[in-house]
Every structure is written in structure tokens, then in C-alpha cells.
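Dumped structure-v8.cif below, it's mmCIF, C-alpha atoms:
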data_start
loop_
_atom_site.group_PDB
_atom_site.id
_atom_site.type_symbol
_atom_site.label_atom_id
_atom_site.label_comp_id
_atom_site.auth_asym_id
_atom_site.auth_seq_id
_atom_site.Cartn_x
_atom_site.Cartn_y
_atom_site.Cartn_z
ATOM 1 C CA MET K 70 0.000 0.000 0.000
ATOM 2 C CA ALA K 71 1.357 3.419 -0.981
ATOM 3 C CA THR K 72 1.750 6.209 1.543
ATOM 4 C CA ALA K 73 1.570 9.907 0.776
ATOM 5 C CA THR K 74 2.499 13.026 2.695
ATOM 6 C CA PHE K 75 -0.379 15.477 2.967
ATOM 7 C CA ARG K 76 0.796 18.987 3.771
ATOM 8 C CA ILE K 77 -2.402 20.543 5.126
ATOM 9 C CA TRP K 78 -2.762 24.183 6.126
ATOM 10 C CA ARG K 79 -3.807 24.596 9.753
ATOM 11 C CA GLY K 80 -4.775 27.881 11.331
ATOM 12 C CA ASP K 81 -7.310 30.678 11.325
ATOM 13 C CA ALA K 82 -7.655 34.352 10.370
ATOM 14 C CA SER K 83 -4.820 35.310 12.724
ATOM 15 C CA GLY K 84 -2.317 33.031 10.983
ATOM 16 C CA GLY K 85 -1.268 29.431 10.544
ATOM 17 C CA ARG K 86 1.149 26.981 9.010
ATOM 18 C CA PHE K 87 1.353 23.769 7.006
ATOM 19 C CA VAL K 88 1.409 20.509 8.935
ATOM 20 C CA ASP K 89 2.518 17.204 7.390
ATOM 21 C CA TYR K 90 0.483 14.036 7.827
ATOM 22 C CA GLN K 91 1.445 10.593 6.533
ATOM 23 C CA ASN K 92 -1.571 8.749 5.210
ATOM 24 C CA PRO K 93 -2.048 5.510 3.221
ATOM 25 C CA VAL K 94 -3.410 5.777 -0.302
ATOM 26 C CA THR K 95 -5.803 3.095 -1.481
ATOM 27 C CA GLU K 96 -7.364 2.362 -4.852
ATOM 28 C CA GLY K 97 -10.097 4.805 -5.841
ATOM 29 C CA MET K 98 -9.235 7.309 -3.130
ATOM 30 C CA VAL K 99 -9.853 11.031 -3.618
ATOM 31 C CA VAL K 100 -8.239 13.860 -1.671
ATOM 32 C CA LEU K 101 -11.354 14.320 0.466
ATOM 33 C CA ASP K 102 -11.049 10.675 1.573
ATOM 34 C CA ALA K 103 -7.500 11.327 2.722
ATOM 35 C CA VAL K 104 -8.497 14.513 4.558
ATOM 36 C CA HIS K 105 -11.288 12.623 6.329
ATOM 37 C CA GLN K 106 -8.861 9.866 7.312
ATOM 38 C CA VAL K 107 -6.410 12.408 8.704
ATOM 39 C CA GLN K 108 -9.292 14.055 10.522
ATOM 40 C CA ALA K 109 -10.415 10.750 12.025
ATOM 41 C CA GLU K 110 -7.049 9.328 13.004
ATOM 42 C CA GLN K 111 -4.532 12.143 13.432
ATOM 43 C CA ALA K 112 -6.170 15.574 13.720
ATOM 44 C CA ASN K 113 -9.689 15.424 15.135
ATOM 45 C CA ASP K 114 -9.955 19.219 15.182
ATOM 46 C CA LEU K 115 -9.180 19.657 11.475
ATOM 47 C CA ALA K 116 -11.917 21.873 9.967
ATOM 48 C CA CYS K 117 -13.111 20.895 6.502
ATOM 49 C CA ARG K 118 -16.331 21.808 4.683
ATOM 50 C CA TRP K 119 -18.036 19.121 2.584
ATOM 51 C CA ASN K 120 -21.483 17.695 1.909
ATOM 52 C CA CYS K 121 -22.309 15.460 -1.056
ATOM 53 C CA LYS K 122 -18.904 13.968 -1.947
ATOM 54 C CA ALA K 123 -20.211 13.678 -5.506
ATOM 55 C CA GLY K 124 -19.043 16.912 -7.134
ATOM 56 C CA LYS K 125 -22.489 18.504 -7.030
ATOM 57 C CA CYS K 126 -22.692 20.630 -3.876
ATOM 58 C CA GLY K 127 -19.517 22.692 -4.334
ATOM 59 C CA SER K 128 -18.741 22.605 -0.615
ATOM 60 C CA CYS K 129 -15.270 21.012 -0.566
ATOM 61 C CA SER K 130 -13.448 23.617 -2.637
ATOM 62 C CA ALA K 131 -9.776 23.972 -1.736
ATOM 63 C CA GLU K 132 -6.387 24.397 -3.364
ATOM 64 C CA ILE K 133 -4.535 21.176 -4.089
ATOM 65 C CA ASN K 134 -0.914 21.552 -5.089
ATOM 66 C CA GLY K 135 -1.667 25.219 -5.687
ATOM 67 C CA LYS K 136 -4.645 24.681 -7.994
ATOM 68 C CA PRO K 137 -8.272 25.416 -7.017
ATOM 69 C CA ARG K 138 -10.140 22.099 -7.139
ATOM 70 C CA LEU K 139 -12.917 20.109 -5.517
ATOM 71 C CA MET K 140 -11.358 17.701 -3.031
ATOM 72 C CA CYS K 141 -14.028 15.087 -3.736
ATOM 73 C CA MET K 142 -13.289 15.095 -7.457
ATOM 74 C CA THR K 143 -9.488 15.054 -7.256
ATOM 75 C CA ARG K 144 -8.400 11.441 -7.539
ATOM 76 C CA MET K 145 -5.209 10.435 -5.817
ATOM 77 C CA ASP K 146 -4.045 8.480 -8.858
ATOM 78 C CA THR K 147 -3.790 11.772 -10.754
ATOM 79 C CA LEU K 148 -1.340 13.276 -8.247
ATOM 80 C CA PRO K 149 2.382 12.527 -7.878
ATOM 81 C CA LEU K 150 3.077 10.807 -4.556
ATOM 82 C CA ASP K 151 6.843 11.376 -4.521
ATOM 83 C CA ALA K 152 6.378 14.881 -3.076
ATOM 84 C CA PRO K 153 4.067 16.290 -0.389
ATOM 85 C CA ILE K 154 0.512 16.991 -1.563
ATOM 86 C CA THR K 155 -0.438 20.443 -0.363
ATOM 87 C CA VAL K 156 -4.035 21.098 0.661
ATOM 88 C CA GLU K 157 -4.933 24.651 1.618
ATOM 89 C CA PRO K 158 -8.015 26.905 1.762
ATOM 90 C CA MET K 159 -9.126 29.129 -1.116
ATOM 91 C CA GLN K 160 -7.095 32.332 -1.223
ATOM 92 C CA ALA K 161 -9.743 34.762 -2.502
ATOM 93 C CA PHE K 162 -11.862 34.657 0.651
ATOM 94 C CA PRO K 163 -11.269 35.219 4.385
ATOM 95 C CA ILE K 164 -10.118 32.171 6.310
ATOM 96 C CA VAL K 165 -12.385 30.856 9.063
ATOM 97 C CA ARG K 166 -10.275 27.895 10.166
ATOM 98 C CA ASP K 167 -8.032 25.341 8.478
ATOM 99 C CA LEU K 168 -9.598 24.511 5.081
ATOM 100 C CA VAL K 169 -12.799 26.501 5.658
ATOM 101 C CA THR K 170 -13.229 29.993 4.183
ATOM 102 C CA ASP K 171 -15.964 32.581 4.559
ATOM 103 C CA VAL K 172 -17.730 32.768 1.189
ATOM 104 C CA SER K 173 -20.667 34.883 2.408
ATOM 105 C CA TRP K 174 -19.530 37.799 0.207
ATOM 106 C CA ASN K 175 -20.765 35.809 -2.784
ATOM 107 C CA TYR K 176 -24.285 35.620 -1.388
ATOM 108 C CA ALA K 177 -24.359 39.375 -0.851
ATOM 109 C CA VAL K 178 -23.231 39.948 -4.444
ATOM 110 C CA LYS K 179 -25.997 37.740 -5.819
ATOM 111 C CA LYS K 180 -28.649 39.711 -3.949
ATOM 112 C CA ARG K 181 -27.555 42.909 -5.717
ATOM 113 C CA ILE K 182 -28.106 41.528 -9.217
ATOM 114 C CA LYS K 183 -31.424 42.413 -10.828
ATOM 115 C CA PRO K 184 -33.674 39.323 -10.791
ATOM 116 C CA PHE K 185 -35.408 37.627 -13.681
ATOM 117 C CA LYS K 186 -38.140 39.810 -15.199
ATOM 118 C CA PRO K 187 -40.211 37.930 -17.789
ATOM 119 C CA ARG K 188 -42.243 39.507 -20.532
ATOM 120 C CA LYS K 189 -45.987 39.084 -20.596
ATOM 121 C CA PRO K 190 -47.188 35.608 -21.654
ATOM 122 C CA ASP K 191 -47.479 35.052 -25.391
ATOM 123 C CA ALA K 192 -50.696 33.101 -25.158
ATOM 124 C CA ALA K 193 -53.990 33.509 -23.343
ATOM 125 C CA ASP K 194 -53.306 30.422 -21.235
ATOM 126 C CA GLY K 195 -50.304 32.156 -19.618
ATOM 127 C CA THR K 196 -47.584 30.327 -21.548
ATOM 128 C CA TRP K 197 -44.702 31.576 -23.674
ATOM 129 C CA ARG K 198 -43.250 30.625 -27.034
ATOM 130 C CA MET K 199 -39.476 30.154 -27.182
ATOM 131 C CA GLY K 200 -37.045 28.845 -29.762
ATOM 132 C CA GLN K 201 -35.154 25.731 -28.683
ATOM 133 C CA GLU K 202 -31.874 27.349 -29.718
ATOM 134 C CA ASP K 203 -32.493 30.233 -27.292
ATOM 135 C CA VAL K 204 -33.304 27.802 -24.486
ATOM 136 C CA ASP K 205 -30.182 25.735 -25.142
ATOM 137 C CA ARG K 206 -27.951 28.785 -25.056
ATOM 138 C CA VAL K 207 -28.554 29.473 -21.352
ATOM 139 C CA GLN K 208 -28.873 25.854 -20.243
ATOM 140 C CA GLU K 209 -25.098 25.523 -19.807
ATOM 141 C CA PHE K 210 -25.025 28.274 -17.192
ATOM 142 C CA ARG K 211 -27.513 26.393 -15.011
ATOM 143 C CA LYS K 212 -24.911 23.691 -14.359
ATOM 144 C CA CYS K 213 -23.061 25.983 -11.934
ATOM 145 C CA ILE K 214 -22.781 24.413 -8.452
ATOM 146 C CA GLU K 215 -21.422 27.611 -6.849
ATOM 147 C CA CYS K 216 -18.186 26.007 -5.687
ATOM 148 C CA TYR K 217 -16.542 29.425 -6.230
ATOM 149 C CA LEU K 218 -13.387 27.909 -7.704
ATOM 150 C CA CYS K 219 -13.682 30.351 -10.602
ATOM 151 C CA GLN K 220 -13.861 33.195 -8.081
ATOM 152 C CA ASP K 221 -10.802 31.842 -6.290
ATOM 153 C CA VAL K 222 -8.623 31.543 -9.376
ATOM 154 C CA CYS K 223 -9.610 34.966 -10.763
ATOM 155 C CA HIS K 224 -6.615 37.289 -10.321
ATOM 156 C CA VAL K 225 -8.879 40.339 -9.890
ATOM 157 C CA LEU K 226 -10.210 38.821 -6.656
ATOM 158 C CA ARG K 227 -7.354 36.542 -5.628
ATOM 159 C CA GLU K 228 -4.389 38.877 -6.144
ATOM 160 C CA HIS K 229 -5.875 42.369 -6.316
ATOM 161 C CA HIS K 230 -8.711 41.854 -3.805
ATOM 162 C CA MET K 231 -11.097 44.062 -5.780
ATOM 163 C CA HIS K 232 -14.207 42.522 -4.257
ATOM 164 C CA GLU K 233 -15.972 45.877 -4.036
ATOM 165 C CA GLN K 234 -15.472 46.644 -7.728
ATOM 166 C CA PHE K 235 -15.784 43.207 -9.354
ATOM 167 C CA VAL K 236 -18.459 40.529 -8.938
ATOM 168 C CA GLY K 237 -16.285 37.738 -10.346
ATOM 169 C CA PRO K 238 -16.833 35.109 -13.058
ATOM 170 C CA ARG K 239 -19.473 33.141 -11.167
ATOM 171 C CA PHE K 240 -21.826 36.120 -11.149
ATOM 172 C CA LEU K 241 -21.000 37.161 -14.672
ATOM 173 C CA VAL K 242 -22.267 33.687 -15.582
ATOM 174 C CA HIS K 243 -25.376 34.372 -13.503
ATOM 175 C CA VAL K 244 -25.958 37.708 -15.254
ATOM 176 C CA ALA K 245 -25.372 36.066 -18.649
ATOM 177 C CA ALA K 246 -27.999 33.441 -17.835
ATOM 178 C CA LEU K 247 -30.487 36.233 -17.151
ATOM 179 C CA GLU K 248 -29.489 38.568 -19.992
ATOM 180 C CA MET K 249 -29.597 35.786 -22.594
ATOM 181 C CA HIS K 250 -32.808 34.231 -21.337
ATOM 182 C CA PRO K 251 -35.386 34.413 -24.145
ATOM 183 C CA LEU K 252 -38.097 35.705 -21.789
ATOM 184 C CA ASP K 253 -36.142 38.200 -19.710
ATOM 185 C CA THR K 254 -36.807 41.916 -20.285
ATOM 186 C CA GLU K 255 -34.557 43.486 -17.632
ATOM 187 C CA ASN K 256 -31.504 45.507 -18.661
ATOM 188 C CA ARG K 257 -28.352 44.957 -16.591
ATOM 189 C CA LEU K 258 -25.762 46.454 -18.946
ATOM 190 C CA GLY K 259 -25.392 49.648 -16.946
ATOM 191 C CA GLU K 260 -24.558 47.690 -13.795
ATOM 192 C CA LEU K 261 -22.143 45.441 -15.680
ATOM 193 C CA ARG K 262 -20.292 48.512 -16.846
ATOM 194 C CA LYS K 263 -20.380 50.620 -13.684
ATOM 195 C CA THR K 264 -20.695 48.532 -10.521
ATOM 196 C CA GLN K 265 -20.047 44.908 -11.471
ATOM 197 C CA GLY K 266 -16.616 45.487 -12.989
ATOM 198 C CA LEU K 267 -17.012 43.624 -16.270
ATOM 199 C CA GLY K 268 -14.187 45.673 -17.788
ATOM 200 C CA LEU K 269 -11.738 44.391 -15.164
ATOM 201 C CA CYS K 270 -11.825 40.881 -16.642
ATOM 202 C CA ASN K 271 -8.985 40.428 -19.134
ATOM 203 C CA ILE K 272 -10.301 37.049 -20.361
ATOM 204 C CA THR K 273 -7.338 34.861 -19.385
ATOM 205 C CA LYS K 274 -9.780 31.914 -19.244
ATOM 206 C CA CYS K 275 -8.429 30.698 -15.899
ATOM 207 C CA CYS K 276 -12.004 30.510 -14.593
ATOM 208 C CA THR K 277 -13.031 28.247 -17.461
ATOM 209 C CA THR K 278 -10.038 25.997 -16.806
ATOM 210 C CA VAL K 279 -10.945 25.248 -13.167
ATOM 211 C CA CYS K 280 -14.723 24.870 -13.564
ATOM 212 C CA PRO K 281 -15.668 21.318 -12.456
ATOM 213 C CA GLU K 282 -18.872 21.503 -14.515
ATOM 214 C CA HIS K 283 -16.906 22.467 -17.647
ATOM 215 C CA ILE K 284 -18.910 25.630 -18.223
ATOM 216 C CA THR K 285 -17.284 27.692 -20.961
ATOM 217 C CA ILE K 286 -17.348 30.771 -18.754
ATOM 218 C CA THR K 287 -15.127 33.077 -20.790
ATOM 219 C CA ASP K 288 -16.270 32.372 -24.332
ATOM 220 C CA ASN K 289 -19.972 31.795 -23.735
ATOM 221 C CA ALA K 290 -20.724 34.198 -20.875
ATOM 222 C CA ILE K 291 -18.126 36.913 -20.294
ATOM 223 C CA ILE K 292 -17.158 37.763 -23.873
ATOM 224 C CA PRO K 293 -20.804 38.032 -25.066
ATOM 225 C CA LEU K 294 -21.524 40.333 -22.113
ATOM 226 C CA LYS K 295 -18.521 42.480 -23.021
ATOM 227 C CA GLU K 296 -19.806 42.698 -26.593
ATOM 228 C CA ARG K 297 -23.231 43.826 -25.397
ATOM 229 C CA VAL K 298 -21.739 46.523 -23.176
ATOM 230 C CA VAL K 299 -19.503 47.766 -25.992
ATOM 231 C CA ASP K 300 -22.428 47.857 -28.414
ATOM 232 C CA GLU K 301 -24.584 49.727 -25.906
ATOM 233 C CA PHE K 302 -22.141 52.298 -24.582
ATOM 234 C CA TYR K 303 -19.257 52.622 -27.030
ATOM 235 C CA ASP K 304 -20.684 52.068 -30.503
ATOM 236 C CA PRO K 305 -20.845 55.545 -32.152
ATOM 237 C CA LEU K 306 -24.366 55.146 -33.533
ATOM 238 C CA THR K 307 -25.713 53.715 -30.303
ATOM 239 C CA ARG K 308 -24.118 56.542 -28.343
ATOM 240 C CA LEU K 309 -25.884 59.005 -30.614
ATOM 241 C CA PHE K 310 -29.245 57.366 -29.919
ATOM 242 C CA ARG K 311 -28.488 57.334 -26.186
ATOM 243 C CA MET K 312 -28.342 61.116 -26.181
ATOM 244 C CA PHE K 313 -32.108 61.066 -26.548
ATOM 245 C CA ARG K 314 -32.890 58.596 -23.772
ATOM 246 C CA PRO K 315 -32.137 58.543 -20.021
ATOM 247 C CA GLU K 316 -28.836 57.129 -18.770
ATOM 248 C CA ARG K 317 -29.179 53.574 -17.449
#
With the file now loaded, output its structure as C-alpha cells.
Amino acid sequence: MATATFRIWRGDASGGRFVDYQNPVTEGMVVLDAVHQVQAEQANDLACRWNCKAGKCGSCSAEINGKPRLMCMTRMDTLPLDAPITVEPMQAFPIVRDLVTDVSWNYAVKKRIKPFKPRKPDAADGTWRMGQEDVDRVQEFRKCIECYLCQDVCHVLREHHMHEQFVGPRFLVHVAALEMHPLDTENRLGELRKTQGLGLCNITKCCTTVCPEHITITDNAIIPLKERVVDEFYDPLTRLFRMFRPER
């Protein structure tokens, strides 16, 4: 049976350090299994957030060997065992304790986004008529499990800590799902430009790379939103028309 060294970050908001734990690695094991085994046998006070262990709740987000990942979906047979495997909390959010971070900022951001506002029904029975292509376009965005790995890897939040100026890729996906919905009539372009920081994203595609649901965040959500904002506020003809209507 192979044995691996797990270098797990221990501490809280006041500071901490990495602690090494030797743990056996068995067939089919994922990192979350190893963390649970360490928790059960060597460090009973190790704090770790998790729920479904099936890659659907988004609770066990962490950084494994420096990369934001879900612990329950990171198989041990994909990691080299000849060096310590580092497991640490997400860096874009305040640390609570050990591997647990305070992600409540994300919930506050979501509350500030204008909700879905459907047009009046198309038929007398209260139903709507939609093209299947329009429905399919936003279906991808509904796969988001709000693990916030995309938020964690985003340099605007992770390195520059611009949480007050930028909502992050997860909520640009949320806005895209609303803006591209075939029934929605709300206009959120002004907020994208002014308060949600769309222009701060330089489309490095790091958020797309770490998404466990394989949502094409950059190409299918962020870039189309950027195009809409440019068309609305920077296209010469549109700017001319805007002179005759109120600022959004």
C-alpha cells in the first residue's frame, strides 16, 4: 500500500502553518477521503467543509498543489506521490479555520443583481413561445454548483482583492444566464459597466479551466456580455441614440 504526505494548512484568520500528515493511499481514493482519514485518526480538530462527496454541492473547494479544485473530485491516482501533496483553503476569501473559508460575500453579491423579469405571456393560457436554440444557449449556465473555484482563481479577486469593484466570473455567468434568457426583459448592462466590474476581466480563461462543470465561462458568458456593453455604450451610432434617452 502506498503512503503519501499530505501537507495541510492549519490555522485561522490570525495566521497558521502547514502541517505534514502521513496517510495511506488506497485504490479509488480522492483527496477528500485522505483529509477525512487524517481528521479521524490524526487531527480530530481539522476543519473541513463538505457535503455530497459527488461533485455537485460545491462545498469542498480547496487548493490542491496550488490549484483550485474540488477535493471530492481530485483522484489520488492523478497526483504525484513522490512529493508532499499540499491542501490549503481558497485564497480569494477570508479564512475561518483550516480549510474553511468565509464565502458569504458571494451571497451578498448575488442579492444585488437584478432578478429575472419575464415579458408578458405570449398566449392567453399564460404560456410563452421560445425557440429551442435560445433555451439551449442558457442551459449551460444552469450547471453551476457555486463552488466558487472560478472566483478563487480569478486574479482580480485573488491577487488584487477588488471585491468591491468586481463581482467575479461566477456572477457574470449568472448575469449572462439572465441577460440571454429568451423571456427576460430586464436591462443589466449599466450595472455590468459601472458597478459589477465587467471591464476588469482580461479574459485569461483561468475561470473556465478550473470549472468542475466544464462551463465555458469566458467564451460563452463573459465575452458576449462584453460585446453587449460595448455595443450599448461605445458604438458611435448607439451613443448618438443614447443622447435622446435617459442614462441607465
Resolved residues for the PyMOL selection byres ((chain K and resi 153) around 9) as a list in words: Ala73, Thr74, Phe75, Arg76, Asp89, Asn134, Pro149, Leu150, Asp151, Ala152, Ile154 and Thr155 of chain K
Written selection (C-alpha atoms) as an mmCIF file, in the frame of the given file:
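Wrote it out as again-v8.cif, contents follow:
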data_model
loop_
_atom_site.group_PDB
_atom_site.id
_atom_site.type_symbol
_atom_site.label_atom_id
_atom_site.label_comp_id
_atom_site.auth_asym_id
_atom_site.auth_seq_id
_atom_site.Cartn_x
_atom_site.Cartn_y
_atom_site.Cartn_z
ATOM 1 C CA ALA K 73 1.570 9.907 0.776
ATOM 2 C CA THR K 74 2.499 13.026 2.695
ATOM 3 C CA PHE K 75 -0.379 15.477 2.967
ATOM 4 C CA ARG K 76 0.796 18.987 3.771
ATOM 5 C CA ASP K 89 2.518 17.204 7.390
ATOM 6 C CA ASN K 134 -0.914 21.552 -5.089
ATOM 7 C CA PRO K 149 2.382 12.527 -7.878
ATOM 8 C CA LEU K 150 3.077 10.807 -4.556
ATOM 9 C CA ASP K 151 6.843 11.376 -4.521
ATOM 10 C CA ALA K 152 6.378 14.881 -3.076
ATOM 11 C CA ILE K 154 0.512 16.991 -1.563
ATOM 12 C CA THR K 155 -0.438 20.443 -0.363
#
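Applied to this file, the PyMOL selection byres ((chain K and resi 146) around 10) selects Val94, Thr95, Glu96, Gly97, Met98, Val99, Val100, Thr143, Arg144, Met145, Thr147, Leu148, Pro149 and Leu150 of chain K.
The closest residue to K:Asp167, picked from K:Asn271, K:Thr196, K:Ser83, K:Thr285 and counting all atoms listed in the file, is K:Ser83.
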Matched chain/residue IDs from the PyMOL selection byres ((chain K and resi 222-225) around 12), as a ChimeraX atom specification: /K:130-132,135-138,159-162,216-221,226-239,266-280,286-287
Interatomic distance (Å, one decimal) between atom CA of K:Glu296 and atom CA of K:Val244: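 We find that atom CA of K:Glu296 and atom CA of K:Val244 lie 13.8 Å from each other.
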Using all atoms listed in the file: which of K:Asp304, K:Ala103, K:Asp203, K:Gly84 has the shortest distance to K:Thr72: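 With all atoms listed in the file as the atom set, the closest residue is K:Ala103.
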